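I have placed the structure first, in the form of structure tokens, so that the comments after it can refer back to it.
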Amino acid sequence: MTIAEKLQEVSFYAKEDKLLLYSEGMFWKAYQEAAYLFVKYVRNYQVNSNYIKKVQTDVYSLGFPKPSSSKVLAGLDYEESDGRIVITLGTDNFLVSDYIQWRTEVVPQPVPARRPSGDTLLCELPLFVPYYYGYFSNISGKFTYHLSKNLIILG
């Protein structure tokens with residue numbers, strides 16, 4: 001099943017106040033409206049956002065390990081079949097406007113993977129290790145590495 005098909009199916013189920021989870025490897029994953037409904041009615045999880053070129057949109061998703069599904073879904077009305085879980089919420093109040101507001105306010109926007117121009121590189125500390133020259137400075141809560149000569153990139 002392609003991501004476009006998954007997103008279309010998730011949207012259809014959300015209008016019926018049902019949440020759809022897909023089996024992907026060792027995880028259950030929720031996309032778009034299903035991720036919104038999951039965070040709102042089931043449990044607060046970190047939502048990731050990635051731009052998917054094939055569907056030309058940001059795709060919001062969350063996932064949790066399959067072994068913990070009985071704990072996470074305890075007390076919910078759900079059916080599991082064909083690598084999917086359909087959770088019936090019974091709330092009857094899914095509003096697209098609430099979902100759109102949640103996307104813009106709650107979910108952090110993806111960070112561009114490109115290096116900014118100039119000699120300043122904004123980065124997270126675990127990914128970049130200075131070698132020989134350079135120094136870190138803290139500006140407005142973000143760490144900045146000023147390049148002088150060498151930089152080792154881990155990962």
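By order in the structure tokens, chains are A, B, ...; within a chain, residues start at 1; ligands start at 1, following the order shown.
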Compile the contact shell of Tyr36 (chain A) as an mmCIF file with C-alpha atoms, in the first residue's frame: residues with an atom at most 7 Å away, counting only C-alpha atoms, same-chain residues fewer than 4 positions apart removed.
```
data_model
loop_
_atom_site.group_PDB
_atom_site.id
_atom_site.type_symbol
_atom_site.label_atom_id
_atom_site.label_comp_id
_atom_site.auth_asym_id
_atom_site.auth_seq_id
_atom_site.Cartn_x
_atom_site.Cartn_y
_atom_site.Cartn_z
ATOM 1 C CA GLN A 32 -2.278 12.683 9.559
ATOM 2 C CA LYS A 40 -6.226 13.878 21.462
ATOM 3 C CA TYR A 99 -7.080 19.127 12.835
#
```
**Asked** Within 12 Å of Lys54 (chain A), counting only C-alpha atoms, which residues qualify if same-chain residues fewer than 6 places away don't, as a list in words?
**Response** Thr2, Ile3, Ala4, Glu5 and Leu7 of chain A
**Asked** Please, what distance in Å, to one decimal, runs between CA of Ala74 (chain A) and CA of Leu95 (chain A)?
**Response**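 Between CA of Ala74 (chain A) and CA of Leu95 (chain A) the gap works out to 25.2 Å.
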**Request:** For Glu80 (chain A), list every protein, DNA or RNA residue within 12 Å, evaluated using only C-alpha atoms, and leave out those in the same chain fewer than 6 positions away; present the list as a list of chain:residue names.
**Result:**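 Surrounding residues, per the criterion: A:Leu19, A:Leu20, A:Leu21, A:Tyr22, A:Ser23, A:Trp28, A:Lys66, A:Ser69, A:Ser70, A:Leu73, A:Val86, A:Ile87, A:Thr88.
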**Request:** Could you pull out the residues in region 5-45 of chain A that DSSP calls strand (DSSP E or B) from the backbone, as a list in words?
**Result:**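 Output for region 5-45 of chain A, strand (DSSP E or B) only: Lys18, Leu19, Leu20, Leu21, Tyr22, Ser23, Glu24, Phe27, Trp28, Lys29, Ala30 and Tyr31 of chain A.
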**Fill in**
One decimal place gives the CA of Gly90 (chain A)-CA of Met1 (chain A) separation as 27.0 Å
Taking 2 positions as the minimum chain separation for residues in the same chain, which residues sit within 10 Å of region 42-45 of chain A when counting only C-alpha atoms? Answer as a tab-separated table (two decimals) with all heavy atoms, in the first residue's frame.
```tsv
chain	number	residue	atom	x	y	z
A	19	LEU	N	-10.04	5.69	14.18
A	19	LEU	CA	-8.60	5.93	14.10
A	19	LEU	C	-7.96	4.69	13.48
A	19	LEU	O	-8.25	3.57	13.91
A	19	LEU	CB	-8.11	6.14	15.53
A	19	LEU	CG	-6.74	6.70	15.78
A	19	LEU	CD1	-6.74	7.35	17.13
A	19	LEU	CD2	-5.70	5.65	15.71
A	35	ALA	N	-3.12	10.46	13.58
A	35	ALA	CA	-2.16	10.91	14.59
A	35	ALA	C	-2.80	11.97	15.49
A	35	ALA	O	-2.62	11.96	16.71
A	35	ALA	CB	-0.91	11.47	13.91
A	36	TYR	N	-3.54	12.89	14.89
A	36	TYR	CA	-4.26	13.92	15.66
A	36	TYR	C	-5.24	13.28	16.65
A	36	TYR	O	-5.25	13.61	17.84
A	36	TYR	CB	-4.99	14.86	14.70
A	36	TYR	CG	-6.08	15.68	15.32
A	36	TYR	CD1	-5.78	16.71	16.21
A	36	TYR	CD2	-7.41	15.41	15.04
A	36	TYR	CE1	-6.79	17.46	16.79
A	36	TYR	CE2	-8.43	16.16	15.60
A	36	TYR	CZ	-8.10	17.18	16.49
A	36	TYR	OH	-9.11	17.92	17.07
A	37	LEU	N	-6.06	12.36	16.17
A	37	LEU	CA	-7.05	11.71	17.02
A	37	LEU	C	-6.38	10.87	18.11
A	37	LEU	O	-6.85	10.83	19.25
A	37	LEU	CB	-7.98	10.84	16.19
A	37	LEU	CG	-8.93	11.59	15.24
A	37	LEU	CD1	-9.61	10.62	14.29
A	37	LEU	CD2	-9.93	12.41	16.02
A	38	PHE	N	-5.26	10.23	17.77
A	38	PHE	CA	-4.54	9.42	18.75
A	38	PHE	C	-4.04	10.29	19.90
A	38	PHE	O	-4.22	9.96	21.07
A	38	PHE	CB	-3.37	8.70	18.07
A	38	PHE	CG	-2.72	7.67	18.92
A	38	PHE	CD1	-3.13	6.35	18.86
A	38	PHE	CD2	-1.68	7.99	19.78
A	38	PHE	CE1	-2.54	5.38	19.64
A	38	PHE	CE2	-1.09	7.03	20.56
A	38	PHE	CZ	-1.51	5.71	20.50
A	39	VAL	N	-3.40	11.41	19.56
A	39	VAL	CA	-2.88	12.31	20.59
A	39	VAL	C	-4.01	12.93	21.41
A	39	VAL	O	-3.89	13.10	22.62
A	39	VAL	CB	-2.00	13.41	19.95
A	39	VAL	CG1	-1.67	14.51	20.93
A	39	VAL	CG2	-0.74	12.81	19.37
A	40	LYS	N	-5.11	13.23	20.77
A	40	LYS	CA	-6.23	13.88	21.46
A	40	LYS	C	-7.01	12.93	22.37
A	40	LYS	O	-7.39	13.30	23.48
A	40	LYS	CB	-7.17	14.51	20.44
A	40	LYS	CG	-8.27	15.33	21.07
A	40	LYS	CD	-9.06	16.10	20.03
A	40	LYS	CE	-10.15	16.91	20.71
A	40	LYS	NZ	-10.93	17.68	19.76
A	47	VAL	N	4.85	13.53	17.77
A	47	VAL	CA	4.45	13.46	16.37
A	47	VAL	C	5.59	13.98	15.51
A	47	VAL	O	6.16	15.02	15.79
A	47	VAL	CB	3.16	14.28	16.13
A	47	VAL	CG1	2.79	14.27	14.66
A	47	VAL	CG2	2.03	13.75	16.98
A	48	ASN	N	5.93	13.22	14.48
A	48	ASN	CA	6.98	13.62	13.56
A	48	ASN	C	6.37	14.18	12.28
A	48	ASN	O	5.28	13.78	11.89
A	48	ASN	CB	7.86	12.41	13.21
A	48	ASN	CG	8.54	11.86	14.43
A	48	ASN	OD1	9.17	12.59	15.18
A	48	ASN	ND2	8.40	10.57	14.65
A	61	SER	N	3.11	11.93	11.53
A	61	SER	CA	2.95	10.54	11.95
A	61	SER	C	3.48	10.34	13.37
A	61	SER	O	4.26	11.13	13.88
A	61	SER	CB	3.70	9.61	10.99
A	61	SER	OG	5.09	9.85	11.07
A	62	LEU	N	3.02	9.25	13.97
A	62	LEU	CA	3.55	8.80	15.25
A	62	LEU	C	3.56	7.29	15.22
A	62	LEU	O	2.89	6.66	14.41
A	62	LEU	CB	2.71	9.33	16.42
A	62	LEU	CG	1.24	8.91	16.53
A	62	LEU	CD1	1.11	7.56	17.24
A	62	LEU	CD2	0.49	9.94	17.32
A	63	GLY	N	4.34	6.71	16.09
A	63	GLY	CA	4.41	5.25	16.13
A	63	GLY	C	4.76	4.77	17.52
A	63	GLY	O	5.34	5.50	18.31
A	64	PHE	N	4.39	3.53	17.78
A	64	PHE	CA	4.75	2.89	19.04
A	64	PHE	C	5.01	1.42	18.79
A	64	PHE	O	4.47	0.83	17.84
A	64	PHE	CB	3.68	3.12	20.11
A	64	PHE	CG	2.32	2.59	19.77
A	64	PHE	CD1	1.93	1.32	20.13
A	64	PHE	CD2	1.40	3.39	19.07
A	64	PHE	CE1	0.68	0.83	19.81
A	64	PHE	CE2	0.15	2.91	18.75
A	64	PHE	CZ	-0.22	1.62	19.12
A	72	VAL	N	-0.98	0.26	25.51
A	72	VAL	CA	-1.36	1.56	24.92
A	72	VAL	C	-2.85	1.59	24.58
A	72	VAL	O	-3.52	2.60	24.79
A	72	VAL	CB	-0.51	1.85	23.66
A	72	VAL	CG1	-1.01	3.09	22.94
A	72	VAL	CG2	0.96	2.01	24.03
A	73	LEU	N	-3.37	0.48	24.07
A	73	LEU	CA	-4.76	0.46	23.61
A	73	LEU	C	-5.73	-0.12	24.64
A	73	LEU	O	-6.89	-0.39	24.31
A	73	LEU	CB	-4.85	-0.35	22.31
A	73	LEU	CG	-3.95	0.13	21.16
A	73	LEU	CD1	-4.06	-0.81	19.97
A	73	LEU	CD2	-4.26	1.56	20.79
A	74	ALA	N	-5.28	-0.29	25.87
A	74	ALA	CA	-6.13	-0.86	26.92
A	74	ALA	C	-7.38	0.00	27.12
A	74	ALA	O	-7.31	1.23	27.18
A	74	ALA	CB	-5.35	-0.96	28.23
A	75	GLY	N	-8.53	-0.65	27.17
A	75	GLY	CA	-9.78	0.06	27.41
A	75	GLY	C	-10.42	0.65	26.17
A	75	GLY	O	-11.45	1.31	26.27
A	76	LEU	N	-9.81	0.46	25.02
A	76	LEU	CA	-10.35	1.02	23.77
A	76	LEU	C	-11.09	-0.06	22.98
A	76	LEU	O	-10.75	-1.25	23.05
A	76	LEU	CB	-9.24	1.60	22.91
A	76	LEU	CG	-8.50	2.81	23.48
A	76	LEU	CD1	-7.32	3.16	22.60
A	76	LEU	CD2	-9.44	3.99	23.60
A	87	ILE	N	-9.60	1.69	15.49
A	87	ILE	CA	-10.09	2.05	16.82
A	87	ILE	C	-11.35	2.88	16.64
A	87	ILE	O	-11.32	3.92	15.97
A	87	ILE	CB	-9.05	2.85	17.62
A	87	ILE	CG1	-7.76	2.04	17.76
A	87	ILE	CG2	-9.59	3.24	18.98
A	87	ILE	CD1	-6.60	2.83	18.33
A	89	LEU	N	-13.73	5.44	18.13
A	89	LEU	CA	-13.67	6.41	19.22
A	89	LEU	C	-15.04	6.72	19.80
A	89	LEU	O	-15.18	6.94	20.99
A	89	LEU	CB	-13.00	7.71	18.73
A	89	LEU	CG	-11.54	7.55	18.30
A	89	LEU	CD1	-11.05	8.82	17.65
A	89	LEU	CD2	-10.68	7.17	19.48
```
**Asked** Which distance in Å separates CA of Tyr13 (chain A) and CA of Phe94 (chain A), to one decimal?
**Response**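 Pair CA of Tyr13 (chain A) / CA of Phe94 (chain A) returns 10.5 Å.
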**Request:** Go through A:Tyr60, A:Val55, A:Asp92, A:Pro67 one by one, measure the shortest atom-to-atom distance of each to Ala30 (chain A) using only C-alpha atoms, and give the residue with the smallest value.
**Result:**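 Under the stated criterion, the closest residue is A:Tyr60.
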**Complete:** One residue among A:Gln101, A:Arg84, A:Lys18, A:Lys6 is nearest to Tyr41 (chain A) when using only C-alpha atoms, and that residue is A:Lys18
**Complete:** From the list A:Gly83, A:Pro65, A:Thr91, A:Lys71, the nearest residue to Met26 (chain A) using only C-alpha atoms is A:Pro65
